[in-house]
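Data from input_29.cif: mmCIF, C-alpha atoms
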data_entry
#
loop_
_atom_site.label_atom_id
_atom_site.label_comp_id
_atom_site.auth_asym_id
_atom_site.auth_seq_id
_atom_site.Cartn_x
_atom_site.Cartn_y
_atom_site.Cartn_z
CA MET I 1 145.75 -152.89 -51.27
CA SER I 2 148.96 -152.97 -53.23
CA SER I 3 151.52 -150.50 -52.04
CA ILE I 4 153.04 -149.79 -55.42
CA LEU I 5 151.76 -147.68 -58.29
CA GLN I 6 149.19 -145.64 -56.39
CA TYR I 7 148.71 -142.93 -59.00
CA GLY I 8 145.66 -141.65 -57.11
CA GLN I 9 147.87 -140.21 -54.43
CA ILE I 10 149.72 -137.87 -56.75
CA TRP I 11 146.59 -136.83 -58.64
CA PRO I 12 146.16 -133.66 -56.53
CA TYR I 13 149.69 -132.60 -57.46
CA LEU I 14 149.11 -132.58 -61.21
CA PRO I 15 148.39 -128.82 -61.42
CA SER I 16 151.63 -128.18 -59.56
CA LEU I 17 153.52 -130.35 -62.05
CA ALA I 18 151.83 -128.57 -64.94
CA ALA I 19 152.94 -125.21 -63.54
CA GLY I 20 156.44 -126.66 -63.29
CA ALA I 21 156.27 -127.72 -66.93
CA TRP I 22 155.31 -124.15 -67.82
CA LEU I 23 158.39 -122.86 -65.97
CA SER I 24 160.56 -125.43 -67.79
CA LEU I 25 159.25 -124.20 -71.12
CA GLN I 26 159.89 -120.63 -70.03
CA ILE I 27 163.53 -121.36 -69.08
CA ALA I 28 164.10 -123.29 -72.30
CA PHE I 29 162.57 -120.50 -74.39
CA LEU I 30 164.49 -117.67 -72.70
CA ALA I 31 167.80 -119.55 -72.81
CA PHE I 32 167.20 -120.49 -76.43
CA CYS I 33 166.45 -116.91 -77.46
CA GLY I 34 169.50 -115.62 -75.58
CA GLY I 35 171.59 -118.40 -77.07
CA LEU I 36 170.30 -117.57 -80.54
CA LEU I 37 171.41 -113.96 -80.13
CA ILE I 38 174.88 -115.02 -78.94
CA GLY I 39 175.01 -117.70 -81.62
CA THR I 40 174.11 -115.30 -84.43
CA ALA I 41 176.68 -112.77 -83.26
CA GLY I 42 179.26 -115.55 -82.82
CA ALA I 43 178.63 -117.10 -86.21
CA ALA I 44 178.76 -113.63 -87.84
CA ALA I 45 182.06 -112.97 -86.05
CA LEU I 46 183.45 -116.29 -87.27
CA SER I 47 182.42 -115.52 -90.84
CA PHE I 48 183.21 -111.82 -91.10
CA GLY I 49 185.33 -110.94 -88.07
CA GLY I 50 189.06 -110.33 -87.79
CA PRO I 51 191.52 -112.99 -86.64
CA VAL I 52 191.53 -111.93 -82.97
CA LEU I 53 187.74 -111.88 -82.73
CA ARG I 54 187.54 -115.25 -84.47
CA ARG I 55 190.01 -116.71 -82.04
CA ILE I 56 188.05 -115.44 -79.04
CA VAL I 57 184.74 -116.77 -80.37
CA ARG I 58 186.32 -120.12 -81.22
CA SER I 59 187.79 -120.48 -77.73
CA TYR I 60 184.40 -119.66 -76.22
CA VAL I 61 182.69 -122.32 -78.34
CA THR I 62 185.38 -124.95 -77.69
CA PHE I 63 185.33 -124.35 -73.97
CA PHE I 64 181.57 -124.44 -73.51
CA THR I 65 180.93 -127.39 -75.82
CA ASN I 66 183.61 -129.49 -74.13
CA THR I 67 182.58 -129.03 -70.49
CA PRO I 68 179.37 -130.18 -68.79
CA GLN I 69 176.61 -127.63 -68.44
CA LEU I 70 176.02 -128.82 -64.87
CA VAL I 71 179.56 -127.96 -63.78
CA GLN I 72 179.37 -124.62 -65.59
CA ILE I 73 176.29 -123.73 -63.57
CA TYR I 74 177.96 -125.03 -60.38
CA PHE I 75 180.77 -122.62 -61.11
CA LEU I 76 178.38 -119.70 -61.62
CA TYR I 77 176.33 -120.56 -58.58
CA PHE I 78 179.04 -121.47 -56.06
CA ALA I 79 182.23 -119.76 -57.23
CA LEU I 80 180.97 -116.33 -58.27
CA PRO I 81 179.67 -115.41 -54.78
CA ASP I 82 183.31 -115.49 -53.62
CA ALA I 83 183.98 -112.74 -56.13
CA GLY I 84 181.01 -110.76 -54.84
CA ILE I 85 178.51 -111.73 -57.55
CA LEU I 86 175.55 -113.37 -55.90
CA LEU I 87 173.17 -115.03 -58.37
CA SER I 88 169.81 -116.53 -57.50
CA SER I 89 169.51 -120.18 -58.55
CA TYR I 90 167.10 -119.22 -61.33
CA ALA I 91 169.50 -116.58 -62.66
CA ALA I 92 172.50 -118.92 -62.45
CA VAL I 93 170.66 -121.65 -64.38
CA LEU I 94 169.39 -119.20 -66.96
CA ILE I 95 172.80 -117.58 -67.51
CA GLY I 96 174.55 -120.96 -67.62
CA MET I 97 172.07 -122.42 -70.08
CA THR I 98 172.18 -119.29 -72.24
CA LEU I 99 175.98 -119.30 -72.45
CA ASN I 100 175.98 -123.02 -73.17
CA ALA I 101 173.27 -122.67 -75.82
CA GLY I 102 175.16 -119.74 -77.32
CA ALA I 103 178.20 -121.96 -77.88
CA TYR I 104 176.24 -124.79 -79.50
CA LEU I 105 174.16 -122.41 -81.59
CA THR I 106 177.29 -120.58 -82.79
CA ASP I 107 178.56 -123.92 -84.03
CA ILE I 108 175.27 -124.81 -85.70
CA GLN I 109 174.80 -121.40 -87.31
CA ARG I 110 178.37 -121.24 -88.58
CA ALA I 111 177.60 -124.37 -90.61
CA GLY I 112 174.51 -122.59 -91.94
CA PHE I 113 176.45 -119.45 -92.88
CA GLU I 114 179.01 -121.56 -94.67
CA SER I 115 176.32 -123.30 -96.69
CA VAL I 116 175.62 -120.00 -98.51
CA ARG I 117 177.66 -120.37 -101.66
CA ALA I 118 179.99 -117.64 -102.87
CA ASN I 119 178.16 -117.69 -106.23
CA GLU I 120 174.94 -116.64 -104.56
CA MET I 121 176.62 -113.71 -102.85
CA GLU I 122 178.33 -112.64 -106.06
CA ALA I 123 175.05 -112.81 -107.93
CA ALA I 124 173.43 -110.63 -105.27
CA GLU I 125 176.30 -108.18 -105.51
CA VAL I 126 176.03 -108.00 -109.30
CA LEU I 127 172.32 -107.28 -108.96
CA GLY I 128 173.25 -104.25 -106.86
CA PHE I 129 171.95 -105.53 -103.51
CA SER I 130 173.21 -103.57 -100.54
CA ARG I 131 174.77 -105.47 -97.65
CA LEU I 132 171.49 -105.31 -95.72
CA GLN I 133 169.50 -106.50 -98.73
CA GLN I 134 171.95 -109.33 -99.26
CA ILE I 135 171.36 -110.45 -95.71
CA GLN I 136 167.60 -110.05 -95.94
CA PHE I 137 166.96 -111.62 -99.35
CA VAL I 138 169.84 -114.03 -99.89
CA ILE I 139 171.46 -115.14 -96.67
CA LEU I 140 168.50 -115.32 -94.29
CA PRO I 141 166.04 -117.32 -96.46
CA HIS I 142 168.78 -119.76 -97.39
CA VAL I 143 170.18 -120.07 -93.89
CA ALA I 144 166.75 -120.39 -92.26
CA ARG I 145 165.90 -123.32 -94.51
CA VAL I 146 169.13 -125.13 -93.86
CA LEU I 147 169.26 -124.35 -90.16
CA PHE I 148 165.69 -124.74 -89.02
CA PRO I 149 165.81 -128.53 -88.48
CA SER I 150 169.01 -128.39 -86.39
CA LEU I 151 167.76 -125.38 -84.45
CA SER I 152 164.48 -127.05 -83.56
CA ASN I 153 166.38 -130.18 -82.58
CA GLN I 154 168.55 -128.07 -80.29
CA TYR I 155 165.45 -126.49 -78.80
CA ILE I 156 164.06 -129.93 -77.91
CA LEU I 157 167.39 -130.93 -76.35
CA MET I 158 167.38 -127.71 -74.34
CA THR I 159 163.85 -128.34 -73.09
CA LEU I 160 165.13 -131.65 -71.72
CA GLY I 161 168.24 -129.88 -70.42
CA THR I 162 166.16 -127.60 -68.18
CA SER I 163 165.70 -130.57 -65.83
CA MET I 164 169.19 -129.68 -64.62
CA ALA I 165 167.73 -126.62 -62.88
CA ALA I 166 166.21 -128.99 -60.30
CA VAL I 167 169.70 -129.60 -58.94
CA PHE I 168 169.84 -125.94 -57.92
CA GLY I 169 166.38 -125.93 -56.39
CA VAL I 170 164.54 -124.16 -59.19
CA GLU I 171 160.93 -125.30 -59.05
CA GLU I 172 160.54 -126.36 -62.65
CA LEU I 173 159.12 -129.73 -63.72
CA THR I 174 161.84 -131.97 -62.29
CA GLY I 175 162.29 -129.70 -59.25
CA ARG I 176 158.61 -130.05 -58.41
CA ALA I 177 158.84 -133.78 -59.00
CA PHE I 178 161.58 -133.89 -56.34
CA ASN I 179 159.40 -131.91 -53.94
CA ILE I 180 156.30 -134.03 -54.51
CA ASN I 181 158.44 -137.13 -54.16
CA SER I 182 159.64 -136.03 -50.75
CA GLN I 183 156.07 -135.24 -49.68
CA THR I 184 154.36 -138.40 -50.87
CA PHE I 185 157.22 -140.91 -51.28
CA ARG I 186 155.43 -142.13 -54.40
CA SER I 187 158.73 -142.03 -56.31
CA ILE I 188 158.00 -144.20 -59.32
CA GLU I 189 154.56 -142.70 -59.82
CA VAL I 190 155.88 -139.14 -59.58
CA PHE I 191 158.77 -139.69 -61.96
CA THR I 192 156.78 -141.63 -64.55
CA VAL I 193 154.22 -138.82 -64.61
CA THR I 194 157.07 -136.31 -64.89
CA ALA I 195 158.53 -138.28 -67.77
CA GLY I 196 155.07 -138.21 -69.36
CA PHE I 197 154.99 -134.42 -69.01
CA TYR I 198 158.38 -134.12 -70.71
CA ILE I 199 157.26 -136.43 -73.53
CA ALA I 200 154.11 -134.35 -73.96
CA ILE I 201 155.79 -130.94 -74.02
CA THR I 202 158.57 -132.04 -76.37
CA LEU I 203 156.08 -133.78 -78.68
CA VAL I 204 153.95 -130.63 -78.87
CA ALA I 205 157.08 -128.54 -79.51
CA SER I 206 158.23 -130.98 -82.22
CA VAL I 207 154.90 -130.84 -84.01
CA ILE I 208 154.67 -127.03 -83.86
CA LEU I 209 158.29 -126.56 -84.97
CA GLY I 210 157.85 -129.17 -87.71
CA LEU I 211 154.79 -127.35 -89.07
CA ILE I 212 156.54 -123.96 -88.94
CA GLY I 213 159.61 -125.42 -90.64
CA ARG I 214 157.62 -127.10 -93.39
CA PHE I 215 155.38 -124.20 -94.26
CA ALA I 216 157.32 -121.06 -93.35
CA PHE I 217 160.83 -122.07 -94.38
CA ARG I 218 160.22 -124.98 -96.77
CA ALA I 219 162.65 -126.95 -94.62
CA ARG I 220 162.74 -130.70 -95.07
CA MET I 221 161.66 -132.12 -91.73
CA ARG I 222 159.37 -134.72 -90.30
CA ILE I 223 156.28 -133.38 -88.58
CA ILE I 224 156.43 -136.23 -86.07
CA MET J 1 188.85 -114.51 -53.70
CA TRP J 2 192.16 -114.95 -55.50
CA ASP J 3 194.37 -114.90 -52.40
CA ARG J 4 192.20 -117.66 -50.91
CA VAL J 5 192.44 -119.71 -54.08
CA PHE J 6 196.22 -119.33 -54.13
CA SER J 7 196.65 -120.14 -50.44
CA GLU J 8 194.67 -123.38 -50.87
CA LEU J 9 196.48 -124.41 -54.04
CA PRO J 10 199.22 -126.64 -52.49
CA ALA J 11 196.76 -128.44 -50.22
CA PHE J 12 194.27 -128.94 -53.05
CA PHE J 13 196.78 -130.46 -55.44
CA GLY J 14 197.99 -132.91 -52.79
CA TYR J 15 198.53 -136.59 -53.56
CA TYR J 16 195.25 -137.96 -52.18
CA ASN J 17 193.05 -135.33 -53.80
CA MET J 18 194.67 -136.04 -57.13
CA LEU J 19 194.22 -139.78 -56.64
CA PHE J 20 190.56 -139.20 -55.76
CA LEU J 21 190.01 -137.02 -58.84
CA THR J 22 191.79 -139.48 -61.13
CA LYS J 23 189.65 -142.36 -59.89
CA ALA J 24 186.56 -140.22 -60.28
CA ALA J 25 187.57 -139.28 -63.81
CA LEU J 26 188.02 -142.98 -64.61
CA ALA J 27 184.52 -143.65 -63.27
CA THR J 28 183.15 -140.89 -65.53
CA ILE J 29 184.90 -142.34 -68.57
CA CYS J 30 183.87 -145.94 -67.76
CA LEU J 31 180.28 -144.88 -67.21
CA SER J 32 179.95 -143.22 -70.60
CA ALA J 33 182.14 -145.73 -72.47
CA ILE J 34 180.43 -148.88 -71.18
CA GLY J 35 177.02 -147.24 -71.48
CA SER J 36 177.70 -146.17 -75.07
CA VAL J 37 179.09 -149.52 -76.20
CA THR J 38 176.24 -151.55 -74.70
CA GLY J 39 173.85 -148.90 -75.99
CA LEU J 40 175.37 -149.27 -79.45
CA ILE J 41 174.67 -152.99 -79.42
CA SER J 42 171.09 -152.71 -78.20
CA GLY J 43 170.53 -149.68 -80.44
CA PHE J 44 171.63 -151.81 -83.37
CA GLY J 45 169.10 -154.43 -82.28
CA LEU J 46 166.34 -151.83 -82.07
CA ALA J 47 167.24 -150.43 -85.49
CA LEU J 48 167.22 -153.94 -86.99
CA VAL J 49 163.83 -154.73 -85.48
CA ARG J 50 162.44 -151.60 -87.08
CA LEU J 51 163.70 -152.76 -90.50
CA THR J 52 161.79 -156.07 -90.39
CA ARG J 53 158.74 -156.42 -92.57
CA ALA J 54 157.10 -159.63 -91.31
CA ARG J 55 153.57 -159.08 -90.06
CA TRP J 56 153.96 -161.17 -86.93
CA LEU J 57 156.80 -158.91 -85.84
CA ALA J 58 154.61 -155.81 -85.90
CA PRO J 59 154.33 -155.60 -82.08
CA ALA J 60 158.14 -155.77 -81.79
CA ARG J 61 158.42 -152.94 -84.33
CA TRP J 62 155.93 -150.88 -82.36
CA LEU J 63 157.82 -151.52 -79.16
CA ALA J 64 161.15 -150.53 -80.74
CA LEU J 65 159.60 -147.35 -82.14
CA LEU J 66 158.06 -146.54 -78.76
CA LEU J 67 161.33 -147.09 -76.89
CA THR J 68 163.39 -144.95 -79.27
CA GLU J 69 160.83 -142.14 -79.35
CA LEU J 70 160.06 -142.07 -75.64
CA PHE J 71 163.54 -142.31 -74.19
CA ARG J 72 164.73 -139.50 -76.45
CA ARG J 73 162.10 -137.24 -74.92
CA VAL J 74 162.82 -137.86 -71.25
CA PRO J 75 165.66 -135.93 -69.57
CA PHE J 76 168.61 -137.98 -68.37
CA LEU J 77 168.00 -136.84 -64.79
CA VAL J 78 164.42 -138.18 -64.80
CA THR J 79 165.49 -141.50 -66.35
CA LEU J 80 168.20 -141.73 -63.72
CA MET J 81 165.71 -141.16 -60.91
CA LEU J 82 163.29 -143.73 -62.33
CA VAL J 83 165.99 -146.40 -62.60
CA PHE J 84 167.21 -145.48 -59.13
CA PHE J 85 163.81 -145.82 -57.47
CA ILE J 86 162.86 -148.94 -59.44
CA SER J 87 166.13 -150.54 -58.36
CA GLN J 88 165.36 -149.68 -54.74
CA LEU J 89 161.74 -150.74 -54.82
CA SER J 90 162.40 -154.03 -56.59
CA GLY J 91 164.73 -154.98 -53.76
CA LEU J 92 167.61 -155.60 -56.16
CA ASP J 93 169.56 -152.87 -54.42
CA LEU J 94 172.00 -152.45 -57.29
CA PRO J 95 175.22 -150.51 -56.72
CA LEU J 96 174.81 -146.84 -57.65
CA PHE J 97 177.32 -147.13 -60.47
CA VAL J 98 175.20 -149.88 -62.05
CA VAL J 99 172.06 -147.77 -61.64
CA ALA J 100 173.71 -144.88 -63.49
CA LEU J 101 175.04 -147.32 -66.08
CA ILE J 102 171.54 -148.66 -66.77
CA ALA J 103 170.23 -145.11 -67.19
CA VAL J 104 173.05 -144.26 -69.62
CA PHE J 105 172.40 -147.54 -71.43
CA LEU J 106 168.68 -146.80 -71.84
CA ILE J 107 169.20 -143.28 -73.18
CA ALA J 108 172.15 -144.38 -75.34
CA SER J 109 170.11 -147.22 -76.86
CA ALA J 110 167.38 -144.81 -77.89
CA TYR J 111 169.66 -142.15 -79.38
CA LEU J 112 172.03 -144.62 -81.04
CA ALA J 113 169.12 -146.65 -82.48
CA GLU J 114 168.05 -143.49 -84.29
CA ILE J 115 171.62 -142.77 -85.49
CA ILE J 116 172.05 -146.36 -86.68
CA ARG J 117 168.66 -146.44 -88.38
CA SER J 118 169.44 -143.31 -90.38
CA GLY J 119 172.87 -144.77 -91.16
CA LEU J 120 171.37 -148.01 -92.46
CA GLU J 121 168.84 -146.05 -94.49
CA SER J 122 171.62 -143.95 -96.01
CA VAL J 123 172.66 -146.98 -98.08
CA HIS J 124 171.00 -146.68 -101.47
CA LYS J 125 167.70 -148.49 -101.89
CA ASN J 126 169.03 -150.34 -104.97
CA GLN J 127 171.47 -152.18 -102.75
CA TRP J 128 168.63 -153.43 -100.57
CA ASP J 129 166.70 -154.47 -103.68
CA ALA J 130 169.72 -156.22 -105.17
CA ALA J 131 170.27 -158.15 -101.96
CA THR J 132 166.60 -159.13 -101.86
CA ALA J 133 166.81 -160.25 -105.50
CA MET J 134 169.75 -162.48 -104.58
CA ASN J 135 167.57 -164.07 -101.89
CA PHE J 136 169.56 -162.64 -98.97
CA SER J 137 167.67 -162.73 -95.72
CA LEU J 138 167.38 -159.49 -93.76
CA PHE J 139 170.22 -160.56 -91.51
CA GLU J 140 172.47 -161.48 -94.45
CA THR J 141 171.62 -158.24 -96.25
CA VAL J 142 172.59 -156.19 -93.23
CA ARG J 143 175.66 -158.28 -92.45
CA TYR J 144 177.19 -158.51 -95.95
CA VAL J 145 175.79 -155.52 -97.85
CA ILE J 146 174.58 -152.74 -95.60
CA VAL J 147 176.90 -152.62 -92.58
CA PRO J 148 180.14 -152.62 -94.61
CA GLN J 149 178.88 -149.42 -96.22
CA ALA J 150 176.88 -147.86 -93.41
CA TRP J 151 179.43 -148.02 -90.60
CA ARG J 152 181.25 -145.01 -92.03
CA VAL J 153 178.06 -142.99 -91.73
CA ILE J 154 177.21 -144.34 -88.29
CA LEU J 155 180.56 -144.11 -86.53
CA PRO J 156 181.18 -140.31 -86.42
CA PRO J 157 177.81 -139.32 -84.89
CA ALA J 158 177.93 -142.35 -82.56
CA PHE J 159 181.34 -141.21 -81.37
CA GLY J 160 180.02 -137.67 -80.97
CA PHE J 161 177.27 -139.10 -78.82
CA PHE J 162 179.82 -140.86 -76.62
CA VAL J 163 181.65 -137.55 -76.06
CA LEU J 164 178.31 -135.87 -75.31
CA PHE J 165 177.66 -138.46 -72.64
CA ILE J 166 180.95 -137.86 -70.87
CA LYS J 167 179.45 -134.47 -70.06
CA ASP J 168 175.92 -135.66 -69.36
CA THR J 169 177.06 -138.24 -66.80
CA ALA J 170 177.84 -135.25 -64.54
CA LEU J 171 174.19 -135.62 -63.53
CA ALA J 172 174.92 -139.06 -62.07
CA SER J 173 176.45 -137.17 -59.14
CA GLN J 174 172.85 -136.47 -58.08
CA ILE J 175 172.24 -140.05 -56.97
CA GLY J 176 175.68 -140.29 -55.37
CA VAL J 177 177.76 -142.09 -57.98
CA ILE J 178 181.37 -141.19 -57.24
CA GLU J 179 182.31 -139.65 -60.55
CA LEU J 180 184.05 -136.40 -61.40
CA THR J 181 181.29 -133.96 -60.45
CA PHE J 182 180.53 -135.80 -57.22
CA ALA J 183 184.23 -135.74 -56.34
CA GLY J 184 184.15 -131.98 -56.92
CA LYS J 185 181.19 -131.60 -54.59
CA VAL J 186 182.99 -133.63 -51.91
CA LEU J 187 186.13 -131.50 -52.19
CA ASN J 188 184.02 -128.34 -52.08
CA ASN J 189 182.30 -129.59 -48.94
CA LYS J 190 185.70 -130.25 -47.40
CA GLY J 191 186.24 -126.50 -47.57
CA PHE J 192 188.25 -125.90 -50.69
CA PRO J 193 187.13 -122.71 -52.46
CA ALA J 194 184.41 -123.33 -55.05
CA ALA J 195 186.25 -121.39 -57.76
CA LEU J 196 189.27 -123.67 -57.38
CA VAL J 197 187.30 -126.92 -57.22
CA PHE J 198 184.86 -126.27 -60.03
CA GLY J 199 187.51 -124.54 -62.14
CA THR J 200 189.64 -127.68 -61.87
CA LEU J 201 186.61 -129.84 -62.71
CA LEU J 202 185.89 -127.80 -65.83
CA LEU J 203 189.54 -128.17 -66.82
CA ILE J 204 189.55 -131.96 -66.29
CA TYR J 205 186.33 -132.41 -68.27
CA PHE J 206 187.84 -130.23 -70.99
CA LEU J 207 191.05 -132.28 -71.05
CA ILE J 208 189.04 -135.49 -71.44
CA SER J 209 186.50 -134.22 -73.90
CA TYR J 210 188.54 -131.96 -76.18
CA PRO J 211 190.98 -134.59 -77.58
CA LEU J 212 188.03 -136.93 -78.14
CA THR J 213 186.11 -134.18 -79.96
CA ARG J 214 189.15 -133.50 -82.14
CA PHE J 215 189.48 -137.22 -82.84
CA GLY J 216 185.77 -137.32 -83.76
CA THR J 217 186.19 -134.46 -86.23
CA HIS J 218 189.21 -136.21 -87.68
CA LEU J 219 187.26 -139.46 -87.94
CA GLU J 220 184.41 -137.71 -89.70
CA ALA J 221 186.67 -136.05 -92.25
CA ARG J 222 188.60 -139.25 -92.81
CA LEU J 223 185.58 -141.49 -93.27
CA ALA J 224 183.59 -139.03 -95.36
CA LYS J 225 186.40 -138.84 -97.92
CA THR J 226 186.35 -142.52 -98.76
CA ARG J 227 182.59 -142.77 -98.79
CA HIS J 228 180.94 -143.71 -102.04
CA ARG J 229 177.71 -145.14 -103.25
#
Show this structure as structure tokens.
Amino acid sequence: MSSILQYGQIWPYLPSLAAGAWLSLQIAFLAFCGGLLIGTAGAAALSFGGPVLRRIVRSYVTFFTNTPQLVQIYFLYFALPDAGILLSSYAAVLIGMTLNAGAYLTDIQRAGFESVRANEMEAAEVLGFSRLQQIQFVILPHVARVLFPSLSNQYILMTLGTSMAAVFGVEELTGRAFNINSQTFRSIEVFTVTAGFYIAITLVASVILGLIGRFAFRARMRII
Amino acid sequence: MWDRVFSELPAFFGYYNMLFLTKAALATICLSAIGSVTGLISGFGLALVRLTRARWLAPARWLALLLTELFRRVPFLVTLMLVFFISQLSGLDLPLFVVALIAVFLIASAYLAEIIRSGLESVHKNQWDAATAMNFSLFETVRYVIVPQAWRVILPPAFGFFVLFIKDTALASQIGVIELTFAGKVLNNKGFPAALVFGTLLLIYFLISYPLTRFGTHLEARLAKTRHR
């Protein structure tokens, strides 16, 4: 019997990996939603805020987009306890990913806000739209269409980024792969199956996001 | 916390720690630079293969498509682990730096192939047709007509990708490559306060990445201005 590629031995662990994939999706989704909130506020601050606020938001974005997410989470996880803030590994990963996503999404959304032309806003003003109506009927439909492809791309990248949580012992997909690897020593089998899981969940996400983008926002994007 | 950080400051910024961190930073830069350049070359190959039309090359096209699509959907950490264990199992016993380099190369090939393909396709279809009408082969078309126009489109995002990978190679610390993040972990294990160590790491990464990001933005603005169809 050949000693390599014994996929049968990790067969019993598939449900465990699937549960890990579910946790990965959960982390990616939560961090993305949090990041979207920060990003929207940040992009709004960059477009409408005063000079001090703009400066603060810009420093935040520059700092977080120019340092590795892994080291940011290391800082949260290992340095904050010295200051009396003790985070669980799950919380540290989630907070780190959210802050990181917030910076990238601020950058992405700022580009979307800027793509709304002044003419459009003036036209809305002439038609007597209130500020809220301007946002609802002019800015949002336009911005959603322009932004949806980059946002869904970022979501896919973040789903892959959740594998970083394994470093801190969070039992998501890669974390479980590490555990199963140390139980069975079927390294290549475990990690190819894990890679397969990642390919599957990102493919499904791509298709769903592509369909939503095409039909809900008339965004130009490939379904696959 | 602060008094501890301040009391450790002189010891932390000693000569040997700085030497260690500088070497580690060089390893980080080499890892992403070599990986990106080799990835650029193989990505160009993959993009070219996908542009061929000959029927007998269909399997090669399928393979190129599969490689670019799959490796862009697997996290860097998982690719790294796969390369690591394959290297161990095959008995090659490659140095860890080479293992990380191969992982960067694989991911870079996939991402850069996609960037290059969209860059090549950004050249107007008429140019392709004109080259075909003048009986240029695919290679000649790309060499004399497409690349002179497409490189302006390709270079900025490719450079952005290189900067992105300076940050992503932090994960190579997980298999024990002595790069910046690993150096930080070593110093932290030696007893220096985590806030000091990881704060310094964040600063070093920032100092490497920020000028490159600025240069990338500059490059983009500069090249976009002279672009024409």
Got a sec to resolve the PyMOL selection byres ((chain I) within 9 of (chain J)) on this structure and send the residues as number ranges by chain? I: 4, 62-72, 74-76, 78-80, 82-84, 156-157, 159-164, 167, 174, 187-188, 191-192, 194-203
Specify as a list in words each residue included when the PyMOL selection byres ((chain J and resi 118) around 12) is applied to this file. Gly43, Phe44, Ala47, Leu48, Arg50, Leu51, Tyr111, Leu112, Ala113, Glu114, Ile115, Ile116, Arg117, Gly119, Leu120, Glu121, Ser122, Val123, His124, Ile146, Ala150, Trp151, Val153, Ile154, Leu155, Pro157 and Ala158 of chain J
Near-region 128-138 of chain I list (12 Å; all atoms listed in the file; drop same-chain fewer than 5 positions) as an MDAnalysis selection string: chainID I and resid 44 113 115:123 143:145
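Shortest atom-to-atom contact with Gly176 (chain J) among J:Ser42, J:Arg53, J:Phe97, J:Phe20: J:Phe97, counting only C-alpha atoms.
Counting from CA of Val49 (chain J), the distance to CA of Arg143 (chain J) is 14.2 Å.
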Give me the residues near Tyr13 (chain I) as a short mmCIF file (atom, residue, chain, number, x, y, z; two decimals) with C-alpha atoms, keeping the file's coordinate frame, where near means some atom within 10 Å (using only C-alpha atoms) and where sequence neighbours in that chain fewer than 2 positions away do not count.
data_model
loop_
_atom_site.label_atom_id
_atom_site.label_comp_id
_atom_site.auth_asym_id
_atom_site.auth_seq_id
_atom_site.Cartn_x
_atom_site.Cartn_y
_atom_site.Cartn_z
CA GLY I 8 145.66 -141.65 -57.11
CA GLN I 9 147.87 -140.21 -54.43
CA ILE I 10 149.72 -137.87 -56.75
CA TRP I 11 146.59 -136.83 -58.64
CA PRO I 15 148.39 -128.82 -61.42
CA SER I 16 151.63 -128.18 -59.56
CA LEU I 17 153.52 -130.35 -62.05
CA ALA I 18 151.83 -128.57 -64.94
CA ARG I 176 158.61 -130.05 -58.41
CA ALA I 177 158.84 -133.78 -59.00
CA ILE I 180 156.30 -134.03 -54.51
CA THR I 184 154.36 -138.40 -50.87
CA VAL I 190 155.88 -139.14 -59.58
#
Among the residues J:Lys125, J:Ala60, J:Ser90, J:Gly160, the one that comes closest to Val145 (chain J) [using all atoms listed in the file]: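 Selected residue with least distance to Val145 (chain J): J:Lys125.
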How far is it from CA of Ser150 (chain I) to CA of Ile108 (chain I), in Å with one decimal?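 CA of Ile108 (chain I) lies at a distance of 7.2 Å from CA of Ser150 (chain I).
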Name the residues in contact with Met158 (chain I) at a cut-off of 10 Å, using all atoms listed in the file, excluding same-chain residues fewer than 3 positions from it; report them as a ChimeraX atom specification. /I:24-25,27-29,31-32,97-98,100-101,152-155,161-163 /J:75
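CA of Gly50 (chain I) to CA of Val126 (chain I) spans 25.3 Å [interatomic distance, one decimal].
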Enumerate, as number ranges by chain, the residues matched when the PyMOL selection byres ((chain I and resi 211) around 12) is run on the file above. I: 148-149, 152, 204-210, 212-224
Here is a test: counting only C-alpha atoms, which residue of I:Ser47, I:Tyr77, I:Ala166, I:Leu23 is nearest to Phe178 (chain I)?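 Looking only at the distances to Phe178 (chain I), the closest residue turns out to be I:Ala166.
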With distances taken over only C-alpha atoms, which of I:Leu151, I:Ala21, I:Ala43, I:Leu86 is nearest to Val61 (chain I)? I:Ala43
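Minimum atom-to-atom distance to Leu105 (chain I), evaluated using all atoms listed in the file, belongs to I:Gly39 out of I:Gly34, I:Gly39, I:Gly20, I:Pro12.
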